[in-house]
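Worksheet for the structure shown next.
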Amino acid sequence: MGDEARIYNYSAASSWHADGWQSDVILGVDVEGNLSAATDVAPQSIGQWVLPGMPNLHSHAFQRAMAGLAERRSRIDDSFWSWREIMYGFAAAISPEALQAIAAQLYVEMLKAGYTQVCEFHYLHHQPDGAPYAQPEAMSLALIEAAREAGIALTLLPVLYMSGGFDGRALAPRQCRFGNSVDSYLRLLDSLQPYENEQLRVGIALHSLRAVPPDAMREVLASKAAQNCPIHIHVAEQIGEVQDCLALRGARPVEWLLDNADVNARWCLVHATHLTDNETSRLASSGAVAGLCPTTEANLGDGLFPLADYLDAGGRLGIGSDSHISISPVEELRWLEYGQRLVSRHRNIGARRPGASVGETLWRAALSGGAQASGLPIGELRNGARADLLVLDENSPLLVARDASSVIDSFLFAGNTPLVRDVMCGGEWVVRDFQHRDEERIAARYRHTVTGLAAG
């Protein structure tokens with residue numbers, strides 16, 4: 001027996017690897033939840049089409065509960081900025097208990113959709129009036145516990161948020177619960193790092209250039225906490241942000257960041273929507289990941305990322321569900337491609353060479369970039385990686401008569417019927433036959449919580 005008893009073997013008719021589909025693969029999973037070399041123990045067959053789980057590189061969990069509540073016109077020029085005011089009002093009602101209930105429900109939905117990891121860009125640190133909780137990391141711990149309940153891997157990214165604009169103005173009253181000094185922020189990171197394990201990574205998030213003064217950014221990046229962890233930042237999401245940065249810092253946001261920080265493979269630049277050709281090339285050359293959130297960017301009217309030029313320059317990307325107006329890697333990748341088709345009036349933009357598959361190109365890029373941005377060994381079916389995998393429903397009409405050359409394109413572009421049947425995360429089956437293992441309890445608590453928020 002010995003080590004063999006510690007390995008579970010699963011056989012897949014076809015599984016997706018870095019170089020594409022492989023047939024008749026046996027995947028070993030050890031007791032630590034990692035993929036391992038298979039033993040001679042008889043394998044269990046798990047399905048026709050097996051894929052690595054998708055990382056979700058950008059999430060604001062609490063916003064799931066307000067999805068759909070900002071779709072009534074309030075002014076003639078509704079935009080991200082008017083949406084933000086609605087979001088601030090909603091955020092004021094969120095307690096640690098409510099955040100855990102909302103996040104757990106969100107994470108269940110992510111797992112069922114095919115996300116097996118989430119980067120949580122977390123800025124609701126304090127009470128609504130800005131006073132710290134008795135346990136300053138209470139809101140962060142609510143997210144950690146929600147991820148544990150759901151069974152999803154988490155990269156927790158506490159956010160540094162210090163000012164209300166590029167001019168250094170003080171935070172507005174409704175922003176006070178986001179705020180930290182550099183010292184209090186570094187203490188928060190110190191308090192969270194002992195919680196790290198194989199399911200949890202703690203990284204750094206700078207909210208945006210407008211919310212983090214240059215000296216503060218440099219101090220955090222020079223700290224011990226920032227030396228070996230993921231670093232995420234919102235940047236160049238809105239034209240107004242670009243204009244303000246030009247006016248007050250004399251450079252565009254991505255240009256300024258690349259000139260003033262050692263942006264490298266540990267960085268994820270979220271949105272990066274508005275780029276010049278030079279910024280696009282420089283960002284691609286940096287090795288950083290562009291964190292694209294197409295459904296949220298469309299919902300907020302942000303604009304379109306220069307996908308073709310960025311891919312041609314060798315740029316890395318990943319996807320996130322951000323405000324959770326949609327929770328589906330299929331929809332994120334579909335709209336990443338469709339947005340490019342609408343603006344260019346051509347097809348198959350994501351496939352950059354003749355004969356290439358759009359679906360395979362984008363799925364592969366999002367797996368790799370999302371894994372890089374997470375700081376976790378995920379995104380691949382290889383020995384030593386976490387055992388995060390999806391089993392598609394081979395009996396769905398959408399996959400009838402599909403082979404290895406067409407199954408991912410059909411998965412992404414053939415319809416809206418859910419195709420993720422089973423999900424393993426960290427070696428544990430968390431979704432079987434489209435049902436999460438703790439779905440009913442988590443959903444009941446979510447309904448109770450959100451009903452209370454609506455009544456409150």
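Note on naming: chains are A, B, ... as they come in the structure tokens, residues start from 1 per chain, ligands start from 1 in the order shown.
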
I'd like the neighbourhood of segment 161-164 of chain A as a ChimeraX atom specification, where a residue qualifies if any of its atoms comes within 10 Å (using only C-alpha atoms), though same-chain residues fewer than 5 positions away should be ignored. /A:123,169-172,175-182,185,205-213,216

Set the distance at 10 Å and use only C-alpha atoms: which residues neighbour Leu311 of chain A once local chain neighbours fewer than 2 positions away are removed? I'd like the list as JSON, numbers by chain. {"A": [280, 281, 284, 306, 307, 308, 309, 313, 314, 315, 316, 317, 349, 350, 351, 352, 365]}

Restricting it to N, CA and C atoms, dump the selection as a PDB file, in the first residue's frame.
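What ended up in part39.pdb:
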ATOM      1  N   THR A 280       0.534  49.836 -25.085  1.00  0.00           N
ATOM      2  CA  THR A 280       0.195  48.445 -25.358  1.00  0.00           C
ATOM      3  C   THR A 280       1.453  47.609 -25.502  1.00  0.00           C
ATOM      4  N   SER A 281       2.401  48.098 -26.268  1.00  0.00           N
ATOM      5  CA  SER A 281       3.647  47.376 -26.485  1.00  0.00           C
ATOM      6  C   SER A 281       4.445  47.256 -25.191  1.00  0.00           C
ATOM      7  N   ALA A 284       2.822  44.744 -22.761  1.00  0.00           N
ATOM      8  CA  ALA A 284       3.087  43.373 -23.205  1.00  0.00           C
ATOM      9  C   ALA A 284       4.521  42.963 -22.876  1.00  0.00           C
ATOM     10  N   PRO A 306      -7.447  46.907 -26.471  1.00  0.00           N
ATOM     11  CA  PRO A 306      -6.874  46.638 -27.805  1.00  0.00           C
ATOM     12  C   PRO A 306      -6.330  45.219 -27.914  1.00  0.00           C
ATOM     13  N   LEU A 307      -7.226  44.249 -28.013  1.00  0.00           N
ATOM     14  CA  LEU A 307      -6.857  42.841 -27.906  1.00  0.00           C
ATOM     15  C   LEU A 307      -5.877  42.396 -28.985  1.00  0.00           C
ATOM     16  N   ALA A 308      -6.173  42.701 -30.250  1.00  0.00           N
ATOM     17  CA  ALA A 308      -5.341  42.182 -31.338  1.00  0.00           C
ATOM     18  C   ALA A 308      -3.906  42.675 -31.226  1.00  0.00           C
ATOM     19  N   ASP A 309      -3.734  43.968 -31.028  1.00  0.00           N
ATOM     20  CA  ASP A 309      -2.383  44.520 -30.925  1.00  0.00           C
ATOM     21  C   ASP A 309      -1.639  43.949 -29.721  1.00  0.00           C
ATOM     22  N   ALA A 313       1.739  41.553 -29.722  1.00  0.00           N
ATOM     23  CA  ALA A 313       2.958  41.962 -29.026  1.00  0.00           C
ATOM     24  C   ALA A 313       3.394  40.952 -27.965  1.00  0.00           C
ATOM     25  N   GLY A 314       2.658  39.839 -27.856  1.00  0.00           N
ATOM     26  CA  GLY A 314       3.032  38.808 -26.891  1.00  0.00           C
ATOM     27  C   GLY A 314       2.507  39.054 -25.501  1.00  0.00           C
ATOM     28  N   GLY A 315       1.476  39.877 -25.363  1.00  0.00           N
ATOM     29  CA  GLY A 315       0.947  40.209 -24.046  1.00  0.00           C
ATOM     30  C   GLY A 315       0.195  39.071 -23.387  1.00  0.00           C
ATOM     31  N   ARG A 316       0.194  39.089 -22.056  1.00  0.00           N
ATOM     32  CA  ARG A 316      -0.482  38.075 -21.249  1.00  0.00           C
ATOM     33  C   ARG A 316      -1.775  38.660 -20.699  1.00  0.00           C
ATOM     34  N   LEU A 317      -2.821  37.836 -20.611  1.00  0.00           N
ATOM     35  CA  LEU A 317      -4.112  38.321 -20.116  1.00  0.00           C
ATOM     36  C   LEU A 317      -4.810  37.250 -19.296  1.00  0.00           C
ATOM     37  N   ILE A 349     -11.100  37.447 -34.175  1.00  0.00           N
ATOM     38  CA  ILE A 349     -10.018  38.382 -33.856  1.00  0.00           C
ATOM     39  C   ILE A 349      -9.005  37.750 -32.900  1.00  0.00           C
ATOM     40  N   GLY A 350      -9.482  36.967 -31.923  1.00  0.00           N
ATOM     41  CA  GLY A 350      -8.573  36.397 -30.935  1.00  0.00           C
ATOM     42  C   GLY A 350      -7.606  35.383 -31.499  1.00  0.00           C
ATOM     43  N   ALA A 351      -7.940  34.768 -32.622  1.00  0.00           N
ATOM     44  CA  ALA A 351      -7.038  33.813 -33.274  1.00  0.00           C
ATOM     45  C   ALA A 351      -6.100  34.589 -34.188  1.00  0.00           C
ATOM     46  N   ARG A 352      -4.833  34.632 -33.870  1.00  0.00           N
ATOM     47  CA  ARG A 352      -3.915  35.555 -34.542  1.00  0.00           C
ATOM     48  C   ARG A 352      -3.134  34.928 -35.699  1.00  0.00           C
ATOM     49  N   ALA A 365      -4.958  31.424 -23.037  1.00  0.00           N
ATOM     50  CA  ALA A 365      -4.390  32.676 -22.528  1.00  0.00           C
ATOM     51  C   ALA A 365      -4.945  33.004 -21.151  1.00  0.00           C
TER      52      ALA A 365
END

Would you mind listing what lies within 10 Å of Val343 of chain A as a ChimeraX atom specification, with only C-alpha atoms counted and same-chain residues fewer than 4 positions away left out? /A:304,338-339

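Each of A:Pro253, A:Gly379, A:Pro294, A:Pro158 was checked against Cys119 of chain A using only C-alpha atoms; the smallest atom-to-atom distance is that of A:Pro158.
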
Go through segment 93-154 of chain A and collect every residue that DSSP, computed from the backbone, puts in helix (DSSP H, G or I); the answer should be as a ChimeraX atom specification. /A:96-113,138-150

Among listed residues A:Thr296, A:Ser59, A:Gln22, A:Thr273, nearest Glu241 of chain A (using only C-alpha atoms): A:Thr273

As a PyMOL selection string, please: every residue in segment 167-294 of chain A that DSSP puts in strand (DSSP E or B). chain A and resi 197+200-202+204-206+231-235+267-271+289-292

Residues at most 10 Å from Pro418 of chain A, counting only C-alpha atoms, excluding those fewer than 6 positions away in the same chain, as a PyMOL selection string? chain A and resi 112-114+328+330+392-393+396+398+411+434

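Take atom CA of Gly301 of chain A and atom CA of Phe80 of chain A: the distance between them is 6.9 Å.
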
Just the residues within 10 Å of Trp83 of chain A, please, counting only C-alpha atoms, with nothing from its chain fewer than 2 positions along; format it as number ranges by chain. A: 69-71, 74, 78-81, 85-88, 299-300

Find the spatial neighbours of segment 224-230 of chain A, counting only C-alpha atoms, within a cut-off of 8 Å - ignore same-chain residues fewer than 2 positions away - and output them as a list in words. Leu186, Leu189, Asp190, Val202, Gly203, Ile204, Val220, Leu221, Ala222, His232, Arg266, Trp267, Cys268, Ala373, Ser374 and Gly375 of chain A

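The smallest atom-to-atom distance between Ala91 of chain A and any of A:Arg72, A:Arg148, A:Arg174, A:His58, using only C-alpha atoms, is found for A:Arg174.
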
Non-local contacts of His324 of chain A (8 Å; only C-alpha atoms; under 2 positions in same chain excluded) as a ChimeraX atom specification: /A:59-61,63-64,67,296,321-322,326-327

I'd like the interatomic distance between atom CA of Glu255 of chain A and atom CA of Ala272 of chain A, to a tenth of an Å. 10.8 Å
